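Inspection log for the structure reproduced underneath, given as structure tokens.
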Amino acid sequence: MTGTLRPLRRGHADPTMRVDVTGVWRTLLTPHGAATLHLAERQGSVEASAWGDGAEWAIAGVPELLGKGDDWSGLDVSGNAFLADSLRRNPGLRLLRTRQVFEMLLVAILEQKVTGIEARRAWRTLLTKFGDVPPGPAPDGMRVFPSAERWRRVPSWEWHTAGVGPQRSATVMRAASVASSLERTLADGRGGPGVAAKLRSIRGVGVWTAAETTQRAHGDPDSPSVGDYHLPAVVGWALIGKPVDDDGMLELLEPYAGHRQRVMRLIEASGFRKPTFGPRMTIQDHRRH
């Protein structure tokens, strides 16, 4: 369960997701209101509990959240020992589907062209400031994702305080203005070029941001994050023992067309880390400027 849900967690202090000895806690803004969801593994099954006006919606979405409908039967990795071993060691791994398009898009926008540390800090700062306290017995410090209307009212200086530049904050505002239409893309299924094109019609949303969104909101099985700073090298080192660029990554993934995001998750779930040879990207902090 935790392996399937890992793509949703934005650091250990993520205000919308916590993992403790009792299981996994998530807060959700549903079409019916706020909800707190708790998931616990019990003897091979998952026990789900929810609180708040959106509790029924949250419970109804648990099967897809944990991978129901994500069919791996057509993925053949027998020709690659690394992938075959990861699949063998992660038999329950599935692609999640949150059904939360605007939230997943906003997270991806905050992650555009910055380090993970910067993106997680911005997410935590904004949610703590503008998110509501969740219903039920959620752990202290958790918050519910704000509504699109509330995001539209975030002042410019609050974006600056969170370390989010004007380009990304403007993209969030544009996405917030069409939030309801974003949710309607769920009716188009598990992502695909048509859904990606609709997301990319928002100025500031490119190939990478659309892919990161459909992976988590729609459960897209074939949406590699082209344009990522790290992923091409990770894929290259994992599959052929040397770094590649975006074109090289797509070439390596081509034999698995239709399942390319599943392959990416197998690489991640394996625990593989690419070699490091130089300094990390410098973190620029202009919040007090």
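Each chain of the structure tokens is named A, B, ... in the order shown, its residues numbered from 1; ligands are numbered from 1 in display order.
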
Would you tabulate, counting only C-alpha atoms, all residues of range 7-126 of chain A that have an atom at most 12 Å from an atom of range 175-187 of chain A, showing the closest pair of atoms and their distance in Å to one decimal, sorted by chain then ascending number, as CSV?
```
residue,atom,partner,partner_atom,distance
A:Thr30,CA,A:Glu183,CA,10.8
A:Pro31,CA,A:Glu183,CA,9.8
A:Arg97,CA,A:Leu186,CA,9.8
A:Thr98,CA,A:Leu186,CA,10.0
A:Arg99,CA,A:Leu186,CA,6.7
A:Gln100,CA,A:Glu183,CA,6.9
A:Val101,CA,A:Glu183,CA,5.5
A:Phe102,CA,A:Ala179,CA,5.8
A:Glu103,CA,A:Ala179,CA,9.1
A:Met104,CA,A:Leu182,CA,10.5
A:Leu105,CA,A:Ala175,CA,8.0
A:Leu106,CA,A:Ala175,CA,7.7
A:Val107,CA,A:Ala175,CA,11.5
A:Ala108,CA,A:Ala175,CA,11.5
A:Ile109,CA,A:Ala175,CA,9.6
```

Any chance you can output those residues with C-alpha atoms as an mmCIF file, in the first residue's frame?
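Listed below is the output, selection.cif:
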```cif
data_model
loop_
_atom_site.group_PDB
_atom_site.id
_atom_site.type_symbol
_atom_site.label_atom_id
_atom_site.label_comp_id
_atom_site.auth_asym_id
_atom_site.auth_seq_id
_atom_site.Cartn_x
_atom_site.Cartn_y
_atom_site.Cartn_z
ATOM 1 C CA THR A 30 -13.868 16.426 -2.284
ATOM 2 C CA PRO A 31 -16.826 17.681 -4.363
ATOM 3 C CA ARG A 97 -5.722 7.343 -9.238
ATOM 4 C CA THR A 98 -6.660 10.157 -6.864
ATOM 5 C CA ARG A 99 -9.468 11.762 -8.941
ATOM 6 C CA GLN A 100 -8.127 15.151 -7.755
ATOM 7 C CA VAL A 101 -6.978 16.927 -10.900
ATOM 8 C CA PHE A 102 -6.595 20.524 -9.747
ATOM 9 C CA GLU A 103 -4.715 19.517 -6.594
ATOM 10 C CA MET A 104 -2.299 17.276 -8.494
ATOM 11 C CA LEU A 105 -1.794 19.979 -11.130
ATOM 12 C CA LEU A 106 -1.060 22.623 -8.502
ATOM 13 C CA VAL A 107 1.516 20.396 -6.839
ATOM 14 C CA ALA A 108 3.211 19.814 -10.196
ATOM 15 C CA ILE A 109 3.261 23.547 -10.945
#
```

Strand (DSSP E or B) positions in range 15-221 of chain A, given as a PyMOL selection string: chain A and resi 17-20+23-30+33-42+45-51+132+144

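For Arg143 in chain A, the list of residues within 8 Å, based on only C-alpha atoms and with local chain neighbours fewer than 5 positions off taken out, reads A:Pro15, A:Thr16, A:Thr27, A:Leu127, A:Thr128, A:Gly131, A:Asp132, A:Val133, A:Pro134.
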
Taking only C-alpha atoms into account, which of A:Glu47, A:Asp228, A:Asp85, A:Asp14 comes nearest Gly206 in chain A?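 Of the candidates, the smallest distance to Gly206 in chain A is held by A:Asp228.
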
Among range 59-164 of chain A, which ones does DSSP place in alpha helix (DSSP H), written as number ranges by chain? A: 59-60, 62-65, 81-89, 101-110, 116-130, 148-152, 156-161

Writing out the chosen residues with N, CA and C atoms as a short mmCIF file (atom, residue, chain, number, x, y, z; two decimals), in the first residue's frame:
```
data_model
loop_
_atom_site.label_atom_id
_atom_site.label_comp_id
_atom_site.auth_asym_id
_atom_site.auth_seq_id
_atom_site.Cartn_x
_atom_site.Cartn_y
_atom_site.Cartn_z
N ILE A 59 -14.15 7.37 0.74
CA ILE A 59 -14.19 5.91 0.86
C ILE A 59 -14.44 5.26 -0.50
N ALA A 60 -15.34 5.85 -1.28
CA ALA A 60 -15.65 5.28 -2.60
C ALA A 60 -14.43 5.27 -3.51
N VAL A 62 -11.26 4.77 -2.55
CA VAL A 62 -10.12 4.00 -2.04
C VAL A 62 -9.65 2.91 -3.00
N PRO A 63 -10.54 2.12 -3.60
CA PRO A 63 -10.04 1.09 -4.51
C PRO A 63 -9.16 1.64 -5.63
N GLU A 64 -9.60 2.72 -6.30
CA GLU A 64 -8.77 3.30 -7.36
C GLU A 64 -7.53 3.97 -6.80
N LEU A 65 -7.63 4.55 -5.62
CA LEU A 65 -6.46 5.15 -4.98
C LEU A 65 -5.37 4.11 -4.77
N ALA A 81 16.56 -7.97 -16.97
CA ALA A 81 16.72 -8.60 -15.67
C ALA A 81 16.43 -7.63 -14.52
N PHE A 82 16.84 -6.37 -14.70
CA PHE A 82 16.63 -5.37 -13.64
C PHE A 82 15.14 -5.16 -13.39
N LEU A 83 14.36 -4.93 -14.46
CA LEU A 83 12.93 -4.69 -14.31
C LEU A 83 12.21 -5.94 -13.84
N ALA A 84 12.61 -7.11 -14.35
CA ALA A 84 11.98 -8.35 -13.94
C ALA A 84 12.17 -8.60 -12.46
N ASP A 85 13.35 -8.26 -11.94
CA ASP A 85 13.62 -8.44 -10.52
C ASP A 85 12.79 -7.48 -9.68
N SER A 86 12.66 -6.22 -10.14
CA SER A 86 11.85 -5.25 -9.41
C SER A 86 10.38 -5.67 -9.38
N LEU A 87 9.88 -6.17 -10.51
CA LEU A 87 8.50 -6.63 -10.56
C LEU A 87 8.28 -7.81 -9.61
N ARG A 88 9.26 -8.70 -9.56
CA ARG A 88 9.16 -9.86 -8.67
C ARG A 88 9.13 -9.43 -7.21
N ARG A 89 9.93 -8.40 -6.87
CA ARG A 89 10.03 -7.96 -5.47
C ARG A 89 8.93 -6.98 -5.07
N VAL A 101 -7.79 16.39 -9.81
CA VAL A 101 -6.98 16.93 -10.90
C VAL A 101 -6.35 18.27 -10.54
N PHE A 102 -7.14 19.20 -10.05
CA PHE A 102 -6.59 20.52 -9.75
C PHE A 102 -5.51 20.45 -8.68
N GLU A 103 -5.73 19.64 -7.65
CA GLU A 103 -4.71 19.52 -6.59
C GLU A 103 -3.41 18.94 -7.15
N MET A 104 -3.51 17.88 -7.94
CA MET A 104 -2.30 17.28 -8.49
C MET A 104 -1.60 18.22 -9.47
N LEU A 105 -2.38 19.01 -10.21
CA LEU A 105 -1.79 19.98 -11.13
C LEU A 105 -1.08 21.08 -10.35
N LEU A 106 -1.69 21.56 -9.28
CA LEU A 106 -1.06 22.62 -8.50
C LEU A 106 0.26 22.15 -7.90
N VAL A 107 0.27 20.94 -7.38
CA VAL A 107 1.52 20.40 -6.84
C VAL A 107 2.60 20.36 -7.91
N ALA A 108 2.24 19.90 -9.11
CA ALA A 108 3.21 19.81 -10.20
C ALA A 108 3.72 21.20 -10.60
N ILE A 109 2.84 22.18 -10.60
CA ILE A 109 3.26 23.55 -10.95
C ILE A 109 4.28 24.05 -9.93
N LEU A 110 4.05 23.79 -8.65
CA LEU A 110 5.00 24.22 -7.63
C LEU A 110 6.36 23.55 -7.80
N GLY A 116 13.47 19.60 -5.18
CA GLY A 116 12.42 19.01 -4.36
C GLY A 116 12.29 19.69 -3.01
N ILE A 117 13.42 20.11 -2.44
CA ILE A 117 13.38 20.79 -1.14
C ILE A 117 12.57 22.08 -1.25
N GLU A 118 12.81 22.85 -2.30
CA GLU A 118 12.08 24.10 -2.49
C GLU A 118 10.59 23.86 -2.70
N ALA A 119 10.26 22.85 -3.52
CA ALA A 119 8.86 22.58 -3.81
C ALA A 119 8.12 22.11 -2.56
N ARG A 120 8.74 21.23 -1.79
CA ARG A 120 8.08 20.74 -0.57
C ARG A 120 7.90 21.86 0.44
N ARG A 121 8.89 22.75 0.53
CA ARG A 121 8.78 23.87 1.46
C ARG A 121 7.63 24.79 1.05
N ALA A 122 7.51 25.07 -0.24
CA ALA A 122 6.42 25.93 -0.71
C ALA A 122 5.07 25.29 -0.43
N TRP A 123 4.94 24.02 -0.72
CA TRP A 123 3.69 23.27 -0.48
C TRP A 123 3.32 23.33 1.00
N ARG A 124 4.28 23.06 1.86
CA ARG A 124 4.03 23.05 3.30
C ARG A 124 3.64 24.45 3.80
N THR A 125 4.34 25.47 3.32
CA THR A 125 4.06 26.84 3.76
C THR A 125 2.66 27.28 3.35
N LEU A 126 2.30 27.04 2.10
CA LEU A 126 1.01 27.49 1.59
C LEU A 126 -0.15 26.71 2.21
N LEU A 127 0.01 25.40 2.36
CA LEU A 127 -1.07 24.61 2.95
C LEU A 127 -1.27 24.95 4.42
N THR A 128 -0.18 25.16 5.13
CA THR A 128 -0.30 25.51 6.54
C THR A 128 -0.99 26.86 6.71
N LYS A 129 -0.73 27.78 5.80
CA LYS A 129 -1.30 29.12 5.89
C LYS A 129 -2.75 29.17 5.44
N PHE A 130 -3.08 28.47 4.35
CA PHE A 130 -4.39 28.64 3.72
C PHE A 130 -5.30 27.41 3.78
N ALA A 148 -10.36 26.21 -5.07
CA ALA A 148 -9.84 27.05 -6.16
C ALA A 148 -10.07 28.53 -5.87
N GLU A 149 -11.22 28.84 -5.30
CA GLU A 149 -11.52 30.24 -4.97
C GLU A 149 -10.54 30.78 -3.95
N ARG A 150 -10.19 29.97 -2.98
CA ARG A 150 -9.22 30.45 -1.98
C ARG A 150 -7.84 30.63 -2.59
N TRP A 151 -7.45 29.72 -3.48
CA TRP A 151 -6.15 29.90 -4.15
C TRP A 151 -6.12 31.19 -4.95
N ARG A 152 -7.24 31.54 -5.57
CA ARG A 152 -7.28 32.77 -6.37
C ARG A 152 -7.12 34.01 -5.50
N SER A 156 0.04 38.25 -3.59
CA SER A 156 1.33 38.05 -4.24
C SER A 156 2.45 37.88 -3.23
N TRP A 157 2.39 38.61 -2.09
CA TRP A 157 3.49 38.53 -1.12
C TRP A 157 3.52 37.18 -0.41
N GLU A 158 2.37 36.49 -0.34
CA GLU A 158 2.36 35.17 0.27
C GLU A 158 3.04 34.15 -0.64
N TRP A 159 2.86 34.29 -1.94
CA TRP A 159 3.59 33.43 -2.87
C TRP A 159 5.09 33.66 -2.71
N HIS A 160 5.48 34.92 -2.59
CA HIS A 160 6.89 35.26 -2.44
C HIS A 160 7.44 34.67 -1.14
N THR A 161 6.68 34.78 -0.06
CA THR A 161 7.11 34.23 1.22
C THR A 161 7.31 32.72 1.15
#
```

So what do you get for CA of Arg200 in chain A versus CA of Asp222 in chain A, distance-wise? 16.7 Å

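Distance-wise, CA of Arg9 in chain A and CA of Gly204 in chain A end up 23.6 Å apart.
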
Pick out the residues sitting within 9 Å of Gly192 in chain A, and hand them over as a short mmCIF file (atom, residue, chain, number, x, y, z; two decimals) with N, CA and C atoms, in the first residue's frame; count only C-alpha atoms, and ignore anything fewer than 5 positions along from it in its own chain.
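Saved the output as selection03.cif:
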```cif
data_model
loop_
_atom_site.label_atom_id
_atom_site.label_comp_id
_atom_site.auth_asym_id
_atom_site.auth_seq_id
_atom_site.Cartn_x
_atom_site.Cartn_y
_atom_site.Cartn_z
N ALA A 197 -3.43 17.20 -23.57
CA ALA A 197 -3.63 18.39 -24.40
C ALA A 197 -4.54 19.40 -23.70
N THR A 214 -1.35 13.79 -14.69
CA THR A 214 -2.15 12.63 -15.10
C THR A 214 -1.68 11.34 -14.44
N ASP A 220 -2.52 7.50 -15.19
CA ASP A 220 -2.03 7.31 -16.56
C ASP A 220 -0.87 6.31 -16.57
N PRO A 221 -0.99 5.21 -17.32
CA PRO A 221 0.07 4.20 -17.34
C PRO A 221 1.19 4.47 -18.34
N ASP A 222 1.06 5.53 -19.12
CA ASP A 222 2.01 5.71 -20.23
C ASP A 222 2.45 7.16 -20.35
N SER A 223 2.75 7.81 -19.20
CA SER A 223 3.07 9.24 -19.22
C SER A 223 4.42 9.52 -18.56
#
```
